[in-house]
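*Asks:* One structure follows; several queries about it will come next.
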Amino acid sequence: MNIKNYHREVLLLNKRHNWRLFPFVVLFFLLFFSQSLFAQQAIVIKAKNQSLNKIITALRDQYDVKLSFNDDKLASYVIDIDKSFSSIEDALRFLVKGLPLNIEQVNDVFIITSHKANLTGKKYLLSGHVIDGRDYETLPFASIVVASYPLITDQKGNFSYSSTIDSVFNLHLSYLGYYKLDTLVGTNANLTIKLFQNSINIKEVVLSDEQSKKTLDTTYNAGSLKINHTIGQYLPGSSDNSVYNLLRLQPGILAAGEQSNDLIIWGSYRGQTKLSFDGFTVFGLKNFNDNIGAINPLITKDLSIQKGGYGVEQGDRVGGIVNITGVDGSIIKPTLKATVNNLTLNLSASTPLFKNTSLVIAGRQTYYNLYDSYSLAPPPNNNNNATKLIDLTVKPKYDFEDYNLKFSGRSDQGDDYYLSLFTGNDNFTSSYSTNQYNYNINGSNLEKNKQFGGAAFYSKNWANGGISNVTVATSGLNSFFSENVDLKKPQDVSFQKKSAELIRNDIKETSVKFTHKLPATKNSNLLLGFGFINNRTSLKQDSSKIQKLSNLYESNRIYSFIEDAYFISPKFKITPGIRADLDLELQKVYVQPRLASSYEFNPNFKISASWGLYNQFIAYNGVVDDEGNFHYQWTVSDGKNVPVYRSQHWVLGSSFQKNQFWINTDVYLKNTIGITRFVDGRAGRKSIAGDSRAIGIDFLIKKEYKGNMAWISYSLSSTQESFPKKVNKQTIQIYRRAPQDQRHELKFAGVLNLSPFYLSANYVYGSGFPSTNPLDNPNTNQLAYNRFDVAATYRFSRKRYHLETGVSILNLFNTQNIKSSNFERIPTEQNTLNIYSQAVPFTPTLFLKFSL
């Protein structure tokens, strides 16, 4: 039956039968048409006693295929064939099957190369490092596909691959914000590969999925994100906090409550997420309204996030991992960057020193008292009837400074090294005064924090392709907090109630870490390592000049790990691993097996899953009083009063990418044992240990087009905790909402490229946290979170210098939000007064950036 007669039958069918049959007729037509189309496109090869080069040449001419091959070598093979194929690739692979020939596809070109039988067992080694083609900065954790097998470079951009068959390698390289590179290389023991940045300020560049990866990459493993942090400079917010401005807009990372230095990821508790910079742990500087991030954005190079289910190299945390790599500095010429805004002055300079070495120095400093007195009014539409908010005036004063220094270099043999140092201080004082319920209430707070850190790193590239890394690091945080409250009755001169709290809390970490990675092959990619960690915490607490606590704890641990990424096929990978931590004080070994897998259905769609056990030996414990006030203190786990955290992660993820359109989904389940909470009451302090469970799903949809980008994310989650409770003289455990539990969080962000002008906006909605008042209904939320920010940026570039200026308006509609980390309840004789610190109000910010 031909197509013409088929159309006639369709018309008759529509006249004789009900219209409900029409969809089935259309479906049949489409199937018939597609089969006819495919039949017409079938690749048919008929040849008898014909040389392979002539067959390949005929295919090229008949089907307009782009081919690259050695005509003389292919002429030596004679083939008989009479067969049809569905695609050119299938046909070519069938023709070379059983022959010492390889086929690689680079873009739309098929490359046919020959290999010799390797009877001697010789290994062909390819090793090298990936750098920025302009300033020679190393590019950490870049994606490389060698002979269809995916790899990731290490933190200095190094990689190695070994083969017993191929001596010519087809490489596909990509790095966020850079053009992709496809190239063919031979055996090389110290290859340097240059990638070139694709900045969205270049108006003439038309981005495509084949050209570059722009904003973020979620294709590594379930629960992982790799973010192009430079996008943060175009988003609304302070230029000193662009890293957190970008982090808070990612799915699964809590934005409501505005806690930039206590990242809450997938329902984790404070202190369960690890932030590291250049190999040392950053415990975080606390700052008012979080306008200044803990890490200077001018020295940030790479940003990766592991929300859960990560591999064995990462330890000592049961929450997420945020790893930030700092810039190395230019080995070509001196550079200078300066940013000034209505908060701070920020300077960064680098210069070459000796051959292949550079020095980077950076510093930030507040230059006047940032915050004027402001009035905090009760938030509207609060559904919590048991909570009554008060109006008060807060008078804050804030000072901040931090400094970074980094010396780095690379030897002629390809060995990398650096020394990275950091110190920072912030001092915050505030006072408030109010009259409520016939009481005069005066209060003041003082908080001082000093953060320090440093790491020395050396990477050795061995002749056999192995890569060994050694890191020696130390860091710490010294915190001092004081709080004074004076409660008086004007009608009763004799009544006066005073309270004064002083808390000193210090934590320090010293570590040595060694890793060794064997050169990757088509079968596996083995990683092993070991190390030592020492943690010390001290805690002193005075109440009304009476010492309540004076504790000093220490933990020493030895750990080792091994994992192997085993490739069942280029599309299917399984990564089993195991980690063991020996706590020398507790004399106990903590074994943590982990497993990850991924399968690529096609170049656009991939699924991945991971599972693992995790332990954490330090805790940022919550301290709650009779009124439900929360404070947090660092403590080393002693196995008794503060148990070692033990958590189990289940993660399932999927990723779809096509034509610069992304859809990503992560589903997770986390169970954690050993959640410690201290309860300060009239009888003193006691500790209770409980469990938590978190379950949720993240969605991310993103689109990029010609330098414009927009994404929307949604997180649906539930975090519950259970602590022992006595009911009728029996101890029971009932799960209830955790303090950080929030059912819904919706986020949107967009950047419009009108080069040299850039407009951006973002919006965050959070459904609200549960009330911490013991008398409130646990299912009642605090005020829901709503914040809409906008920004405009102008960029001006010349050959020798670049200028950027912009304005951001945070909380454009001045929506009343609650800052969850600054909340206090003050008991009176008859009422409990609730004091909430306002989150970011309507706040315009300006910045000017100059760079050479």
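Residue numbering restarts at 1 in every chain; chains get A, B, ... in the order shown in the structure tokens, and ligands count up from 1 in that same order.
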Tell me, as a list in words, which residues lie within 8 Å of Tyr785 of chain A, counting only C-alpha atoms; anything in the same chain fewer than 5 positions away does not count.

*Replies:*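 Near neighbours after the sequence-gap exclusion: Ala256, Gly257, Val764, Tyr765, Gly766, Ser767, Gly768, Asn817 and Ile818 of chain A.
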
*Asks:* Applying 10 Å and only C-alpha atoms, which residues near Ile697 of chain A remain after dropping the ones on its own chain fewer than 2 positions away? List them as a list of chain:residue names.

*Replies:*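 Non-adjacent residues within range: A:Pro251, A:Gly252, A:Trp266, A:Val651, A:Leu652, A:Gly653, A:Thr665, A:Asp666, A:Val667, A:Tyr668, A:Leu669, A:Ile695, A:Phe699, A:Tyr714, A:Ser715, A:Leu716, A:Ser717, A:Ser718.
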
*Asks:* Store the residues picked out above in a file with C-alpha atoms, as a short mmCIF file (atom, residue, chain, number, x, y, z; two decimals), in the first residue's frame.

*Replies:*
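Output file again25.cif follows:
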```
data_model
loop_
_atom_site.label_atom_id
_atom_site.label_comp_id
_atom_site.auth_asym_id
_atom_site.auth_seq_id
_atom_site.Cartn_x
_atom_site.Cartn_y
_atom_site.Cartn_z
CA PRO A 251 18.52 23.10 45.55
CA GLY A 252 18.97 21.37 48.89
CA TRP A 266 19.70 18.19 53.16
CA VAL A 651 20.96 9.04 47.23
CA LEU A 652 19.42 8.63 43.77
CA GLY A 653 19.94 11.23 41.06
CA THR A 665 16.65 15.53 40.29
CA ASP A 666 18.07 14.18 43.55
CA VAL A 667 16.20 11.98 46.03
CA TYR A 668 17.81 11.35 49.42
CA LEU A 669 17.29 9.56 52.71
CA ILE A 695 14.08 12.63 53.50
CA PHE A 699 14.42 19.60 41.42
CA TYR A 714 12.39 23.37 44.40
CA SER A 715 13.08 21.30 47.51
CA LEU A 716 10.51 19.18 49.30
CA SER A 717 11.90 17.79 52.54
CA SER A 718 11.19 16.59 56.04
#
```

*Asks:* Counting only C-alpha atoms, which residues in segment 246-364 of chain A sit no more than 12 Å from segment 674-691 of chain A? For each one, give the nearest pair of atoms and the distance in Å, sorted by chain then residue number, as a tab-separated table.

*Replies:*
```
residue	atom	partner	partner_atom	distance
A:Ser268	CA	A:Ile675	CA	10.6
A:Tyr269	CA	A:Ile675	CA	8.8
A:Arg270	CA	A:Ile675	CA	11.0
A:Gly271	CA	A:Ile675	CA	11.4
A:Gln272	CA	A:Ile675	CA	10.4
A:Val318	CA	A:Gly674	CA	10.9
```

*Asks:* So that I have them on file, write out the residues from the current selection with N, CA, C and O atoms, as a PDB file, in the first residue's frame.

*Replies:*
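So selection-v7.pdb came out as:
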```pdb
ATOM      1  N   SER A 268      20.774  18.666  57.363  1.00  0.00           N
ATOM      2  CA  SER A 268      21.856  18.476  58.330  1.00  0.00           C
ATOM      3  C   SER A 268      21.767  19.517  59.433  1.00  0.00           C
ATOM      4  O   SER A 268      21.145  20.572  59.283  1.00  0.00           O
ATOM      5  N   TYR A 269      22.396  19.221  60.550  1.00  0.00           N
ATOM      6  CA  TYR A 269      22.459  20.150  61.673  1.00  0.00           C
ATOM      7  C   TYR A 269      23.667  21.060  61.500  1.00  0.00           C
ATOM      8  O   TYR A 269      24.576  20.783  60.710  1.00  0.00           O
ATOM      9  N   ARG A 270      23.674  22.151  62.259  1.00  0.00           N
ATOM     10  CA  ARG A 270      24.804  23.065  62.199  1.00  0.00           C
ATOM     11  C   ARG A 270      26.087  22.335  62.612  1.00  0.00           C
ATOM     12  O   ARG A 270      26.106  21.566  63.558  1.00  0.00           O
ATOM     13  N   GLY A 271      27.146  22.578  61.863  1.00  0.00           N
ATOM     14  CA  GLY A 271      28.418  21.929  62.143  1.00  0.00           C
ATOM     15  C   GLY A 271      28.602  20.592  61.456  1.00  0.00           C
ATOM     16  O   GLY A 271      29.691  20.018  61.513  1.00  0.00           O
ATOM     17  N   GLN A 272      27.553  20.074  60.785  1.00  0.00           N
ATOM     18  CA  GLN A 272      27.675  18.780  60.109  1.00  0.00           C
ATOM     19  C   GLN A 272      28.136  18.919  58.670  1.00  0.00           C
ATOM     20  O   GLN A 272      28.495  17.923  58.042  1.00  0.00           O
ATOM     21  N   VAL A 318      29.000  14.146  58.571  1.00  0.00           N
ATOM     22  CA  VAL A 318      27.815  13.362  58.224  1.00  0.00           C
ATOM     23  C   VAL A 318      26.829  14.208  57.427  1.00  0.00           C
ATOM     24  O   VAL A 318      25.770  13.726  57.043  1.00  0.00           O
TER      25      VAL A 318
END
```

*Asks:* Where does DSSP see strand (DSSP E or B) in segment 530-701 of chain A, if you list the residues as JSON, numbers by chain?

*Replies:* {"A": [530, 531, 532, 533, 534, 535, 536, 537, 538, 539, 540, 541, 542, 543, 546, 547, 548, 549, 550, 551, 552, 553, 554, 555, 556, 557, 558, 559, 560, 561, 562, 563, 564, 566, 567, 568, 569, 572, 573, 574, 575, 576, 577, 578, 579, 580, 581, 582, 583, 588, 589, 590, 591, 592, 593, 594, 595, 596, 597, 598, 599, 600, 601, 602, 605, 606, 607, 608, 609, 610, 611, 612, 613, 614, 615, 616, 618, 619, 620, 621, 622, 623, 624, 625, 630, 631, 632, 633, 634, 635, 636, 645, 646, 647, 648, 649, 650, 651, 652, 653, 654, 655, 656, 657, 658, 661, 662, 663, 664, 665, 666, 667, 668, 669, 670, 671, 672, 673, 674, 675, 676, 677, 678, 679, 680, 681, 684, 685, 686, 687, 688, 689, 690, 691, 692, 693, 694, 695, 696, 697, 698, 699, 700, 701]}

*Asks:* For segment 748-754 of chain A, list every protein, DNA or RNA residue within 12 Å, evaluated using only C-alpha atoms, and leave out those in the same chain fewer than 4 positions away; present the list as a ChimeraX atom specification.

*Replies:* /A:199-206,215,231-236,245-251,255,699-714,758-765,786-795

*Asks:* Report the distance between atom CA of Gln740 of chain A and atom CA of Trp650 of chain A in Å, rounded to one decimal place.

*Replies:* 20.1 Å

*Asks:* Which of these residues is nearest to Leu477 of chain A, using only C-alpha atoms: A:Ala294, A:Ala455, A:Ile507, A:Leu419?

*Replies:*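 When distances to Leu477 of chain A are compared using only C-alpha atoms, the smallest one comes from A:Ile507.
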
*Asks:* What is the atom CA of Thr300 of chain A to atom CA of His229 of chain A distance in Å?

*Replies:*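 A separation of 7.9 Å between them.
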
*Asks:* Pick the closest to Pro576 of chain A from A:Val312, A:Val624, A:Ala738, A:Asp135: which is it, counting only C-alpha atoms?

*Replies:*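 The closest residue to Pro576 of chain A is A:Val312.
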
*Asks:* Counting only C-alpha atoms, which residues of segment 582-696 of chain A sit at most 12 Å from some atom of segment 145-169 of chain A, and what is each one's closest atom pair with its distance in Å to one decimal, listed by chain and rising residue number, as a tab-separated table?

*Replies:*
```
residue	atom	partner	partner_atom	distance
A:Ser598	CA	A:Pro150	CA	11.4
A:Tyr599	CA	A:Pro150	CA	11.8
A:Glu600	CA	A:Pro150	CA	11.1
A:Pro603	CA	A:Ser148	CA	11.2
```

*Asks:* Let's have the selection written as a compact mmCIF listing (two decimals), in the first residue's frame, with N, CA, C and O atoms.

*Replies:*
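Contents of result_7.txt, freshly written:
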```txt
# COMPACT_ATOMS: atom_id res chain seq x y z
N SER A 598 26.80 4.74 38.35
CA SER A 598 26.19 5.65 37.38
C SER A 598 26.04 4.94 36.05
O SER A 598 26.84 4.05 35.71
N TYR A 599 25.00 5.32 35.33
CA TYR A 599 24.76 4.73 34.00
C TYR A 599 24.31 5.84 33.06
O TYR A 599 23.40 6.60 33.37
N GLU A 600 24.97 5.91 31.92
CA GLU A 600 24.64 6.91 30.91
C GLU A 600 23.84 6.24 29.80
O GLU A 600 24.37 5.47 29.01
N PRO A 603 24.09 10.43 25.50
CA PRO A 603 24.86 11.62 25.89
C PRO A 603 24.05 12.67 26.65
O PRO A 603 24.64 13.57 27.26
```

*Asks:* For segment 330-332 of chain A, work out the shell of residues within 7 Å, counting only C-alpha atoms and skipping chain neighbours fewer than 6 positions away, then give it as a VMD selection string.

*Replies:* chain A and resid 135 to 137 350 to 352 356 to 358

*Asks:* May I have the selected residues written with N, CA and C atoms, as an mmCIF file, in the first residue's frame?

*Replies:*
```
data_model
loop_
_atom_site.group_PDB
_atom_site.id
_atom_site.type_symbol
_atom_site.label_atom_id
_atom_site.label_comp_id
_atom_site.auth_asym_id
_atom_site.auth_seq_id
_atom_site.Cartn_x
_atom_site.Cartn_y
_atom_site.Cartn_z
ATOM 1 N N ASP A 135 46.125 32.914 31.786
ATOM 2 C CA ASP A 135 47.025 33.249 32.903
ATOM 3 C C ASP A 135 47.702 32.026 33.509
ATOM 4 N N TYR A 136 47.486 30.829 32.919
ATOM 5 C CA TYR A 136 48.150 29.590 33.330
ATOM 6 C C TYR A 136 47.715 29.110 34.716
ATOM 7 N N GLU A 137 46.565 29.552 35.198
ATOM 8 C CA GLU A 137 45.997 29.006 36.431
ATOM 9 C C GLU A 137 45.625 27.543 36.203
ATOM 10 N N SER A 350 48.730 39.643 42.751
ATOM 11 C CA SER A 350 49.597 38.483 42.524
ATOM 12 C C SER A 350 50.761 38.895 41.635
ATOM 13 N N THR A 351 51.857 38.169 41.763
ATOM 14 C CA THR A 351 53.039 38.464 40.961
ATOM 15 C C THR A 351 53.870 37.200 40.785
ATOM 16 N N PRO A 352 54.498 37.027 39.634
ATOM 17 C CA PRO A 352 55.461 35.931 39.496
ATOM 18 C C PRO A 352 56.683 36.205 40.366
ATOM 19 N N ASN A 356 58.088 29.623 37.125
ATOM 20 C CA ASN A 356 56.854 28.868 37.346
ATOM 21 C C ASN A 356 56.333 28.987 38.781
ATOM 22 N N THR A 357 56.546 30.111 39.427
ATOM 23 C CA THR A 357 56.024 30.327 40.775
ATOM 24 C C THR A 357 55.268 31.645 40.812
ATOM 25 N N SER A 358 54.401 31.792 41.798
ATOM 26 C CA SER A 358 53.631 33.017 41.943
ATOM 27 C C SER A 358 53.282 33.223 43.410
#
```

*Asks:* Can you pull out every residue within 7 Å of Leu446 of chain A, counting only C-alpha atoms, but drop anything in the same chain fewer than 3 positions away, and send it as a PyMOL selection string?

*Replies:* chain A and resi 428-430+481-483

*Asks:* Looking at A:Asn461, A:Ser174, A:Ser499, A:Asn469, which one is nearest to Asp542 of chain A, with distances taken over only C-alpha atoms?

*Replies:*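 Of A:Asn461, A:Ser174, A:Ser499, A:Asn469, the one nearest Asp542 of chain A, counting only C-alpha atoms, is A:Ser499.
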
*Asks:* Can you pull out the residues contacting segment 185-197 of chain A? Cut-off 7 Å, using only C-alpha atoms, and skip same-chain residues under 2 positions away; I want them as a ChimeraX atom specification.

*Replies:* /A:124-134,167-170,177-179,183,199,414

*Asks:* Please determine, counting only C-alpha atoms, which residue among A:Asn296, A:Asn323, A:Ser224, A:Asn556 has the shortest atom-to-atom distance to Asn534 of chain A.

*Replies:*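 Distance minimum relative to Asn534 of chain A lands on A:Asn556.
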
*Asks:* Please indicate the distance in Å from atom CA of Leu303 of chain A to atom CA of Arg317 of chain A, rounded to one decimal place.

*Replies:*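 That distance, rounded to one decimal, is 18.2 Å.
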
*Asks:* Hey, what's within 10 Å of Ser76 of chain A if we count only C-alpha atoms and toss same-chain stuff fewer than 6 positions away? As JSON, numbers by chain, please?

*Replies:* {"A": [51, 52, 53]}

*Asks:* Grab the residues selected above and save them as a PDB file, in the first residue's frame with N, CA, C and O atoms.

*Replies:*
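File again.pdb, as written:
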```
ATOM      1  N   SER A  51      39.106  -4.084  -1.117  1.00  0.00           N
ATOM      2  CA  SER A  51      39.943  -3.529  -0.049  1.00  0.00           C
ATOM      3  C   SER A  51      39.117  -2.578   0.824  1.00  0.00           C
ATOM      4  O   SER A  51      38.188  -1.913   0.347  1.00  0.00           O
ATOM      5  N   LEU A  52      39.497  -2.531   2.096  1.00  0.00           N
ATOM      6  CA  LEU A  52      38.745  -1.737   3.068  1.00  0.00           C
ATOM      7  C   LEU A  52      38.789  -0.250   2.748  1.00  0.00           C
ATOM      8  O   LEU A  52      37.807   0.468   2.968  1.00  0.00           O
ATOM      9  N   ASN A  53      39.902   0.237   2.224  1.00  0.00           N
ATOM     10  CA  ASN A  53      39.984   1.675   1.933  1.00  0.00           C
ATOM     11  C   ASN A  53      38.975   2.087   0.861  1.00  0.00           C
ATOM     12  O   ASN A  53      38.401   3.189   0.920  1.00  0.00           O
TER      13      ASN A  53
END
```
